[in-house]
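Coordinates as given in upload_9.cif (mmCIF, C-alpha atoms):
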data_input
#
loop_
_atom_site.label_atom_id
_atom_site.label_comp_id
_atom_site.auth_asym_id
_atom_site.auth_seq_id
_atom_site.Cartn_x
_atom_site.Cartn_y
_atom_site.Cartn_z
CA MET A 100 113.00 180.25 69.04
CA THR A 101 109.61 178.81 68.00
CA TYR A 102 107.08 176.75 69.91
CA ASP A 103 108.75 173.44 70.72
CA VAL A 104 106.02 170.85 70.14
CA ALA A 105 108.50 167.98 70.50
CA ARG A 106 109.39 169.13 74.03
CA VAL A 107 105.69 169.41 74.95
CA ARG A 108 104.96 165.93 73.58
CA GLY A 109 107.74 164.53 75.73
CA LEU A 110 105.85 165.69 78.83
CA ILE A 111 102.73 163.62 78.01
CA PRO A 112 103.32 159.85 78.42
CA SER A 113 100.00 158.74 76.86
CA LEU A 114 101.19 159.98 73.47
CA GLY A 115 103.17 156.75 73.35
CA ASP A 116 100.01 154.78 72.57
CA GLY A 117 100.51 155.10 68.81
CA TRP A 118 97.32 157.07 68.23
CA ILE A 119 96.85 160.50 66.66
CA HIS A 120 94.69 162.44 69.11
CA LEU A 121 92.54 165.02 67.34
CA ASP A 122 89.70 164.83 69.87
CA PRO A 123 90.44 167.46 72.55
CA GLN A 124 86.69 168.07 72.91
CA ALA A 125 86.62 164.74 74.73
CA GLY A 126 89.42 165.97 77.01
CA MET A 127 93.05 166.73 76.22
CA LEU A 128 95.72 164.24 77.19
CA VAL A 129 97.03 164.57 80.74
CA PRO A 130 100.66 165.62 81.30
CA ASP A 131 102.80 163.43 83.54
CA SER A 132 103.26 166.26 86.04
CA VAL A 133 99.48 166.43 86.55
CA SER A 134 99.20 162.68 87.14
CA ARG A 135 102.03 162.82 89.67
CA ALA A 136 100.43 165.78 91.48
CA VAL A 137 97.15 163.87 91.80
CA SER A 138 98.93 160.76 93.05
CA THR A 139 100.87 162.75 95.63
CA GLY A 140 97.69 164.52 96.68
CA PHE A 141 95.91 161.25 97.38
CA ARG A 142 98.85 160.06 99.50
CA THR A 143 99.35 163.21 101.55
CA SER A 144 96.03 165.05 101.89
CA SER A 145 92.85 164.47 103.87
CA PHE A 146 89.22 164.40 102.72
CA SER A 147 88.65 167.62 104.64
CA HIS A 148 90.61 170.82 105.15
CA ILE A 149 89.00 171.28 108.57
CA GLY A 150 91.10 170.10 111.49
CA ARG A 151 94.45 170.58 113.14
CA HIS A 152 96.33 167.56 111.82
CA GLY A 153 98.90 167.83 109.04
CA ALA A 154 96.86 166.16 106.31
CA ALA A 155 93.98 168.60 106.83
CA ASN A 156 96.40 171.53 106.69
CA ARG A 157 97.80 170.19 103.43
CA SER A 158 94.27 169.89 102.04
CA GLY A 159 93.62 173.51 102.96
CA ALA A 160 96.81 174.60 101.23
CA ILE A 161 95.84 172.62 98.10
CA LEU A 162 92.42 174.30 98.04
CA ASP A 163 93.93 177.78 98.37
CA ALA A 164 96.52 177.05 95.68
CA ALA A 165 93.81 175.80 93.29
CA ARG A 166 91.78 178.98 93.73
CA GLU A 167 94.87 181.08 93.06
CA ALA A 168 95.80 179.09 89.95
CA VAL A 169 92.32 179.35 88.42
CA ALA A 170 92.25 183.07 89.19
CA ASP A 171 95.56 183.48 87.36
CA LEU A 172 94.17 181.59 84.38
CA VAL A 173 91.41 184.17 83.84
CA GLY A 174 92.92 187.26 85.47
CA GLY A 175 90.47 187.11 88.36
CA ASP A 176 90.41 187.18 92.16
CA PRO A 177 90.97 183.90 94.09
CA ALA A 178 88.12 184.90 96.41
CA GLY A 179 85.75 184.64 93.45
CA VAL A 180 86.74 181.09 92.42
CA VAL A 181 84.14 178.37 93.00
CA LEU A 182 85.41 174.80 92.59
CA GLY A 183 83.47 171.60 92.00
CA PRO A 184 83.35 168.23 90.26
CA ASP A 185 82.35 169.56 86.84
CA ARG A 186 81.44 172.84 85.17
CA ALA A 187 78.01 171.47 84.20
CA VAL A 188 77.26 170.72 87.86
CA LEU A 189 78.42 174.17 88.94
CA LEU A 190 76.37 175.91 86.24
CA ALA A 191 73.32 173.95 87.38
CA TRP A 192 73.82 175.14 90.97
CA LEU A 193 74.41 178.69 89.75
CA ALA A 194 71.14 178.61 87.81
CA GLU A 195 69.30 177.41 90.92
CA SER A 196 70.85 180.19 92.97
CA LEU A 197 69.91 182.87 90.42
CA SER A 198 66.42 181.49 89.81
CA SER A 199 64.77 184.13 91.99
CA ARG A 200 65.94 186.75 89.48
CA LEU A 201 64.37 184.94 86.53
CA GLY A 202 60.64 185.07 87.12
CA LEU A 203 57.59 185.82 85.00
CA GLY A 204 58.12 188.85 82.79
CA THR A 205 61.90 188.59 82.73
CA GLY A 206 64.06 187.41 79.87
CA ILE A 207 67.05 185.12 79.24
CA VAL A 208 69.23 185.13 76.13
CA LEU A 209 70.84 181.81 75.15
CA SER A 210 73.13 180.93 72.26
CA ARG A 211 72.96 178.28 69.54
CA LEU A 212 76.75 177.98 69.81
CA ASP A 213 76.67 176.82 73.43
CA ASP A 214 76.60 173.20 74.48
CA GLU A 215 74.01 171.89 76.93
CA ALA A 216 76.03 172.69 80.06
CA ASN A 217 75.32 176.40 79.55
CA VAL A 218 71.85 175.94 78.08
CA ALA A 219 69.89 173.22 79.91
CA PRO A 220 70.10 174.73 83.45
CA TRP A 221 68.81 178.10 82.23
CA LEU A 222 66.01 176.49 80.22
CA ARG A 223 64.88 174.56 83.29
CA ILE A 224 64.72 177.73 85.36
CA ALA A 225 62.96 179.66 82.59
CA ASN A 226 60.34 176.92 82.19
CA ARG A 227 59.81 176.70 85.94
CA TYR A 228 59.30 180.42 86.55
CA GLY A 229 57.99 181.64 83.21
CA ALA A 230 60.98 183.66 82.01
CA HIS A 231 61.02 184.38 78.28
CA VAL A 232 63.90 182.77 76.34
CA ARG A 233 65.41 184.34 73.23
CA TRP A 234 68.13 182.77 71.09
CA ALA A 235 71.24 184.30 69.56
CA GLU A 236 71.59 182.69 66.14
CA VAL A 237 74.49 182.02 63.79
CA GLU A 238 74.94 182.69 60.09
CA ILE A 239 74.46 179.41 58.24
CA GLU A 240 77.41 179.78 55.87
CA THR A 241 80.07 180.88 58.35
CA CYS A 242 78.64 179.88 61.75
CA GLU A 243 79.58 183.34 62.98
CA MET A 244 77.30 184.96 65.53
CA PRO A 245 76.55 188.54 64.40
CA ALA A 246 77.07 190.96 67.27
CA TRP A 247 74.38 193.36 66.05
CA GLN A 248 71.64 190.98 67.19
CA PHE A 249 72.49 191.49 70.86
CA GLU A 250 71.04 195.00 70.67
CA GLU A 251 67.70 193.50 69.63
CA LEU A 252 67.77 190.38 71.82
CA ILE A 253 68.79 192.02 75.09
CA GLY A 254 65.87 194.23 76.06
CA PRO A 255 64.89 196.02 79.28
CA THR A 256 63.54 192.82 80.86
CA ALA A 257 66.68 190.74 80.21
CA ARG A 258 68.20 189.43 83.41
CA LEU A 259 70.83 187.04 82.07
CA VAL A 260 72.83 186.16 78.96
CA ALA A 261 74.57 182.76 78.76
CA LEU A 262 77.17 182.75 76.01
CA THR A 263 80.16 180.62 75.03
CA ALA A 264 83.56 182.24 74.58
CA ALA A 265 84.18 179.82 71.69
CA SER A 266 82.29 176.88 70.21
CA PRO A 267 83.99 173.52 70.79
CA ILE A 268 82.15 172.21 67.69
CA VAL A 269 82.75 174.76 64.92
CA GLY A 270 85.31 177.01 66.61
CA SER A 271 83.37 180.29 66.29
CA ALA A 272 84.22 182.88 68.95
CA PRO A 273 81.32 185.35 69.46
CA ALA A 274 81.67 188.91 70.70
CA VAL A 275 81.15 188.25 74.41
CA ARG A 276 82.12 191.80 75.39
CA VAL A 277 79.40 193.32 73.18
CA ALA A 278 76.74 191.11 74.78
CA ALA A 279 78.10 191.80 78.27
CA ASP A 280 78.08 195.57 77.82
CA ARG A 281 74.52 195.46 76.51
CA VAL A 282 73.11 193.27 79.30
CA HIS A 283 74.86 195.37 81.95
CA ASP A 284 73.14 198.46 80.51
CA VAL A 285 69.78 196.90 81.47
CA GLY A 286 70.95 195.59 84.85
CA GLY A 287 71.51 191.95 83.88
CA LEU A 288 74.32 189.41 84.15
CA LEU A 289 76.45 187.53 81.65
CA VAL A 290 77.73 184.00 82.20
CA ALA A 291 80.54 183.11 79.77
CA ASP A 292 81.42 179.47 79.19
CA ALA A 293 85.15 179.16 78.46
CA PHE A 294 85.11 175.37 77.99
CA GLY A 295 85.94 175.72 74.30
CA ALA A 296 88.27 178.70 74.61
CA ALA A 297 90.82 177.27 77.05
CA PRO A 298 93.69 176.78 76.36
CA TYR A 299 93.50 178.35 72.91
CA ALA A 300 93.12 181.92 74.14
CA LEU A 301 94.30 183.92 77.12
CA ILE A 302 91.06 184.47 79.03
CA ASP A 303 90.65 187.86 80.70
CA ILE A 304 87.49 188.15 82.78
CA ASP A 305 87.73 191.95 82.83
CA GLU A 306 88.22 192.19 79.09
CA LEU A 307 85.22 189.94 78.51
CA ASN A 308 83.30 192.00 81.08
CA ALA A 309 81.63 188.73 82.09
CA ASP A 310 80.11 188.41 85.55
CA VAL A 311 80.91 184.70 85.70
CA VAL A 312 83.32 182.57 83.66
CA ALA A 313 82.88 178.79 83.64
CA LEU A 314 85.88 176.49 83.18
CA SER A 315 86.50 172.77 82.76
CA ALA A 316 89.99 171.50 83.54
CA PRO A 317 89.86 168.47 81.18
CA SER A 318 89.67 170.91 78.27
CA TRP A 319 93.35 171.77 78.83
CA GLY A 320 94.59 168.42 80.16
CA GLY A 321 93.61 168.80 83.78
CA PRO A 322 91.66 166.41 86.04
CA GLN A 323 87.87 166.19 86.22
CA VAL A 324 87.33 169.50 88.01
CA GLY A 325 85.17 172.48 87.11
CA ALA A 326 85.29 176.09 88.20
CA LEU A 327 83.21 179.25 88.17
CA VAL A 328 85.05 182.56 88.49
CA PHE A 329 83.08 185.61 89.67
CA ARG A 330 84.45 188.97 88.56
CA ASP A 331 83.07 190.52 91.75
CA PRO A 332 83.65 188.06 94.64
CA ALA A 333 81.27 190.06 96.85
CA PHE A 334 78.40 189.03 94.56
CA LEU A 335 78.64 185.52 95.98
CA ASP A 336 77.36 186.76 99.33
CA ARG A 337 74.39 188.49 97.67
CA ILE A 338 72.87 185.40 96.05
CA PRO A 339 71.13 182.45 97.75
CA SER A 340 73.53 179.83 99.05
CA MET A 341 73.47 176.27 97.71
CA SER A 342 75.89 174.96 100.31
CA LEU A 343 75.00 172.35 102.91
CA ASN A 344 76.83 174.55 105.41
CA PRO A 345 74.40 177.20 106.70
CA TYR A 346 77.35 179.41 107.65
CA ALA A 347 79.14 179.23 104.28
CA LYS A 348 80.55 182.48 102.93
CA GLY A 349 81.96 183.57 99.59
CA ALA A 350 82.82 180.84 97.10
CA GLU A 351 81.78 178.11 99.53
CA ARG A 352 78.13 179.17 99.07
CA LEU A 353 78.08 177.44 95.66
CA GLU A 354 80.27 174.47 96.62
CA VAL A 355 77.89 171.63 97.43
CA GLY A 356 79.57 168.74 99.22
CA GLY A 357 83.28 168.20 99.74
CA HIS A 358 86.31 168.60 97.49
CA GLN A 359 88.59 166.02 95.91
CA TYR A 360 91.81 167.60 97.12
CA ALA A 361 94.06 165.32 95.10
CA LEU A 362 92.29 166.41 91.92
CA LEU A 363 92.62 170.03 92.98
CA ALA A 364 96.38 169.48 93.28
CA GLY A 365 96.29 168.23 89.71
CA LEU A 366 94.25 171.27 88.67
CA THR A 367 96.94 173.62 89.94
CA GLN A 368 99.66 171.62 88.21
CA SER A 369 97.72 171.60 84.93
CA ILE A 370 97.61 175.40 84.92
CA ASP A 371 101.32 175.50 85.73
CA PHE A 372 101.81 173.17 82.75
CA LEU A 373 100.00 175.65 80.50
CA ALA A 374 102.17 178.44 81.87
CA GLY A 375 105.26 176.44 80.92
CA LEU A 376 104.29 175.51 77.35
CA ASP A 377 106.89 178.04 76.21
CA GLU A 378 110.07 177.31 78.13
CA ARG A 379 111.18 180.92 77.65
CA ALA A 380 108.24 182.22 79.70
CA THR A 381 109.21 184.12 82.87
CA GLY A 382 107.57 186.27 85.52
CA THR A 383 104.39 185.66 87.47
CA ARG A 384 102.18 182.72 86.55
CA ARG A 385 99.78 185.08 84.78
CA GLU A 386 102.66 186.55 82.78
CA ARG A 387 103.95 183.07 81.92
CA LEU A 388 100.46 182.05 80.83
CA GLU A 389 100.26 185.06 78.54
CA MET A 390 103.58 184.29 76.88
CA SER A 391 102.98 180.55 76.59
CA ILE A 392 99.47 180.79 75.20
CA THR A 393 100.56 183.49 72.74
CA SER A 394 103.32 181.16 71.56
CA LEU A 395 100.82 178.29 71.27
CA GLN A 396 98.45 180.51 69.29
CA ASP A 397 101.19 181.38 66.79
CA TYR A 398 101.94 177.69 66.35
CA HIS A 399 98.26 176.77 66.03
CA ASP A 400 97.58 179.54 63.49
CA GLN A 401 100.06 177.98 61.08
CA LEU A 402 98.97 174.42 61.86
CA PHE A 403 95.27 175.24 61.45
CA ASP A 404 95.94 176.84 58.06
CA HIS A 405 97.61 173.60 57.03
CA LEU A 406 94.70 171.57 58.40
CA MET A 407 92.22 173.56 56.33
CA GLN A 408 94.35 173.10 53.21
CA VAL A 409 94.43 169.36 53.84
CA LEU A 410 90.65 169.15 54.34
CA GLU A 411 89.99 171.14 51.17
CA GLN A 412 91.86 168.53 49.14
CA VAL A 413 89.57 165.70 50.29
CA ASP A 414 86.77 164.90 47.85
CA ASN A 415 83.19 165.01 49.13
CA LEU A 416 84.22 166.71 52.38
CA THR A 417 82.38 169.83 53.54
CA VAL A 418 83.66 172.00 56.37
CA ILE A 419 80.93 173.42 58.59
CA GLY A 420 81.42 177.13 59.18
CA ARG A 421 84.35 179.41 58.47
CA ALA A 422 84.22 182.06 61.16
CA SER A 423 86.87 184.76 60.95
CA THR A 424 87.32 184.81 64.75
CA ARG A 425 87.73 181.29 66.02
CA ILE A 426 89.66 178.63 67.90
CA PRO A 427 91.43 175.78 66.00
CA THR A 428 88.47 173.41 66.05
CA VAL A 429 86.47 172.34 63.01
CA SER A 430 83.60 170.02 62.12
CA PHE A 431 82.96 168.44 58.74
CA THR A 432 80.71 166.04 56.88
CA MET A 433 81.45 163.61 54.06
CA ALA A 434 78.86 163.07 51.35
CA GLY A 435 77.19 159.68 51.51
CA MET A 436 78.75 158.68 54.84
CA GLN A 437 77.40 158.85 58.36
CA ALA A 438 79.65 160.68 60.82
CA GLU A 439 79.87 157.58 63.01
CA LYS A 440 81.20 155.57 60.07
CA VAL A 441 83.79 158.22 59.19
CA ALA A 442 84.98 158.31 62.80
CA ALA A 443 85.11 154.50 62.91
CA LYS A 444 87.21 154.38 59.75
CA LEU A 445 89.58 156.99 61.16
CA ALA A 446 89.79 155.00 64.40
CA ASP A 447 90.84 151.98 62.33
CA ALA A 448 93.75 154.15 61.23
CA ARG A 449 94.41 155.00 64.92
CA ILE A 450 93.16 158.57 64.58
CA GLY A 451 90.88 159.76 67.38
CA THR A 452 88.05 162.18 66.52
CA VAL A 453 84.65 163.08 67.94
CA SER A 454 81.50 162.05 66.08
CA GLY A 455 78.30 163.39 67.46
CA VAL A 456 78.12 165.35 70.68
CA HIS A 457 77.16 163.83 74.02
CA GLY A 458 73.62 164.97 74.68
CA GLY A 459 73.21 166.22 71.11
CA SER A 460 74.05 169.58 69.57
CA ARG A 461 71.49 172.34 69.17
CA LEU A 462 73.84 174.01 66.69
CA LEU A 463 74.09 170.97 64.41
CA ASP A 464 70.33 170.47 64.77
CA ALA A 465 69.69 174.08 63.73
CA LEU A 466 72.01 173.74 60.74
CA GLY A 467 70.29 170.52 59.67
CA VAL A 468 73.55 168.59 59.90
CA ASN A 469 72.24 165.94 62.28
CA ASP A 470 69.39 165.19 59.87
CA GLU A 471 72.00 164.25 57.26
CA GLY A 472 74.11 161.91 59.38
CA GLY A 473 75.91 164.24 61.77
CA ALA A 474 79.39 165.70 61.73
CA VAL A 475 82.91 164.72 62.73
CA THR A 476 84.70 167.20 64.96
CA ILE A 477 88.46 167.55 65.24
CA GLY A 478 90.64 170.02 67.07
CA LEU A 479 94.25 170.90 67.60
CA ALA A 480 96.02 170.46 70.93
CA PRO A 481 99.33 171.70 72.33
CA TYR A 482 100.87 168.39 71.19
CA THR A 483 99.43 168.19 67.63
CA THR A 484 101.97 168.06 64.79
CA ARG A 485 101.97 168.77 61.07
CA TYR A 486 102.77 165.11 60.42
CA GLU A 487 99.59 164.07 62.23
CA ILE A 488 97.52 166.44 60.10
CA ASP A 489 99.05 164.91 56.97
CA GLN A 490 98.17 161.44 58.25
CA LEU A 491 94.59 162.59 58.77
CA GLY A 492 94.45 163.82 55.19
CA ARG A 493 95.68 160.49 53.83
CA ALA A 494 93.17 158.56 55.92
CA LEU A 495 90.26 160.74 54.79
CA SER A 496 91.30 160.51 51.13
CA SER A 497 91.28 156.72 51.36
CA LEU A 498 87.67 156.51 52.57
CA GLU A 499 85.18 155.03 50.12
#
Just dump the structure as structure tokens.
Amino acid sequence: MTYDVARVRGLIPSLGDGWIHLDPQAGMLVPDSVSRAVSTGFRTSSFSHIGRHGAANRSGAILDAAREAVADLVGGDPAGVVLGPDRAVLLAWLAESLSSRLGLGTGIVLSRLDDEANVAPWLRIANRYGAHVRWAEVEIETCEMPAWQFEELIGPTARLVALTAASPIVGSAPAVRVAADRVHDVGGLLVADAFGAAPYALIDIDELNADVVALSAPSWGGPQVGALVFRDPAFLDRIPSMSLNPYAKGAERLEVGGHQYALLAGLTQSIDFLAGLDERATGTRRERLEMSITSLQDYHDQLFDHLMQVLEQVDNLTVIGRASTRIPTVSFTMAGMQAEKVAAKLADARIGTVSGVHGGSRLLDALGVNDEGGAVTIGLAPYTTRYEIDQLGRALSSLE
């Protein structure tokens, strides 16, 4: 039995809008079960999990369940799960907390593949305290990030490496484990941003050897919630607290302000949805996630091959990067046409894509793509079909 995309599509009501959604970078479509979980959460929970009344108890149970679900998603410990309104906000608070480690004479390694959420906070801290910043670069032709450069970039003074698990723009998946092993040899930390990788790959925090993994629920069809997962939960009590509660312990030390418990209920349900993408999946949630995501990967491998064949048949279209290790996301340019115009023409055909990146893209800047009109980015989702890829090809071929 193969991956049943028709069954998955039936679980997502917004697919009835008549559009072809090839823009998961802007957030995947939300399953009906997630919407219902959020609605129920708003009706039955409180705005605090502190108290003796039933609604507060339900809020506490929702919070615990969300930590457990996120831990299952990355193979981590619920005690190490920090939850907040957005991964960018959480990474900013993490950078502030770790700023005392990043003073004059120390070094930070950043990546051209990362988006601003895992770049800007570290640059601010480096500029404030005088830490030296070095950049991991990509090969122009393939957009792959050679792993050999980590040996040169990560020297004795390096205190932190911030690195994406996969680029949401060109799909390249760098060797996070190589960078992590190297920075640990010199006593530093690695923060891996899994925004682009989920849900395309089964994330294993131990396999990555990352100290912190950042997640964004909208990237797999969840609500607007972010998470940081610490491989060693005890580390949270060894860094300065950002909490407004002077007695906060563990994950609460990086949780500034209250939680939206209804959204956390949706977060848990969205991870359960991922675990059920393959209806044959059984066992623990982690085991079901492994089987479902493996099934999705097999489906996407074939679909992405077809997508690339379709794009190659379009005149004047250039694909940016062809990394051998990647997620099913790709960016392209069309000769003589601005990316915004291409995206507008596709939208006229009811095909959703992403043109330009909110806040800009250091990668596209470095490649010179933005100087030539930018790029259009498209990606596969658990609900993408071969028919939709064919429709994209016809729409692109019709552009003048």
Legend entry - Given only C-alpha atoms as the counted atoms, nearest of A:Gly179, A:Ser318, A:Thr101, A:Leu327 to A:Thr393: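 So, comparing all the options, the nearest one is A:Thr101.
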Inset, instruction - Tell me which residues the PyMOL selection byres ((chain A and resi 328) around 9) grabs here, as a list of chain:residue names. - result: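 The output of the PyMOL selection byres ((chain A and resi 328) around 9) on this file is A:Val169, A:Ala170, A:Val173, A:Gly175, A:Asp176, A:Pro177, A:Ala178, A:Gly179, A:Val180, A:Val181, A:Leu182, A:Ile304, A:Asp310, A:Val311, A:Val312, A:Ala313, A:Leu314, A:Ala326, A:Leu327, A:Phe329, A:Arg330, A:Asp331, A:Pro332.
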Inset, instruction - Using atom CA of A:Ala105 and atom CA of A:Arg379 as the two end points, give the distance in Å to one decimal. - result: 15.0 Å
Do you know which residues the PyMOL selection byres ((chain A and resi 121) around 6) returns on this file, as a PDB file with C-alpha atoms, keeping the file's coordinate frame?
ATOM      1  CA  HIS A 120      94.690 162.440  69.110  1.00  0.00           C
ATOM      2  CA  ASP A 122      89.700 164.830  69.870  1.00  0.00           C
ATOM      3  CA  GLY A 451      90.880 159.760  67.380  1.00  0.00           C
ATOM      4  CA  THR A 452      88.050 162.180  66.520  1.00  0.00           C
ATOM      5  CA  ILE A 477      88.460 167.550  65.240  1.00  0.00           C
ATOM      6  CA  GLY A 478      90.640 170.020  67.070  1.00  0.00           C
TER       7      GLY A 478
END
Legend entry - Residues within 7 Å of A:Ala194, all atoms listed in the file, excluding chain neighbours under 5 positions, as a PyMOL selection string: chain A and resi 220-221+224
Inset, instruction - Starting from the point (100.0, 169.3, 53.1), work out which residues of protein, DNA or RNA have an atom no more than 7 Å away when counting all atoms listed in the file; state them as a VMD selection string. - result: chain A and resid 405 408 to 409 489
Inset, instruction - Please evaluate the PyMOL selection byres ((chain A and resi 484) around 10) against the displayed coordinates and give the resulting residues as number ranges by chain. - result: A: 104-105, 108, 119, 398-399, 402, 479-483, 485-489
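Between atom CA of A:Gly126 and atom CA of A:Asp404 the separation is 22.8 Å.
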Legend entry - Contact residues around A:Leu362 with all atoms listed in the file at 8 Å, ignoring same-chain residues under 2 positions, as a ChimeraX atom specification: /A:137,140,322-324,359-360,364-366
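When only C-alpha atoms are used to compute distances to A:Tyr299, the closest of the residues A:Ile338, A:Leu445, A:Ala264, A:Ala274 turns out to be A:Ala264.
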Using all atoms listed in the file, which residues sit within 8 Å of A:Thr256 once same-chain residues fewer than 3 positions away are excluded, as a PDB file with C-alpha atoms, in the frame of the given file?
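Final output, saved to part-v8.pdb:
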ATOM      1  CA  GLY A 204      58.120 188.850  82.790  1.00  0.00           C
ATOM      2  CA  THR A 205      61.900 188.590  82.730  1.00  0.00           C
ATOM      3  CA  GLY A 206      64.060 187.410  79.870  1.00  0.00           C
ATOM      4  CA  ILE A 253      68.790 192.020  75.090  1.00  0.00           C
ATOM      5  CA  VAL A 285      69.780 196.900  81.470  1.00  0.00           C
TER       6      VAL A 285
END
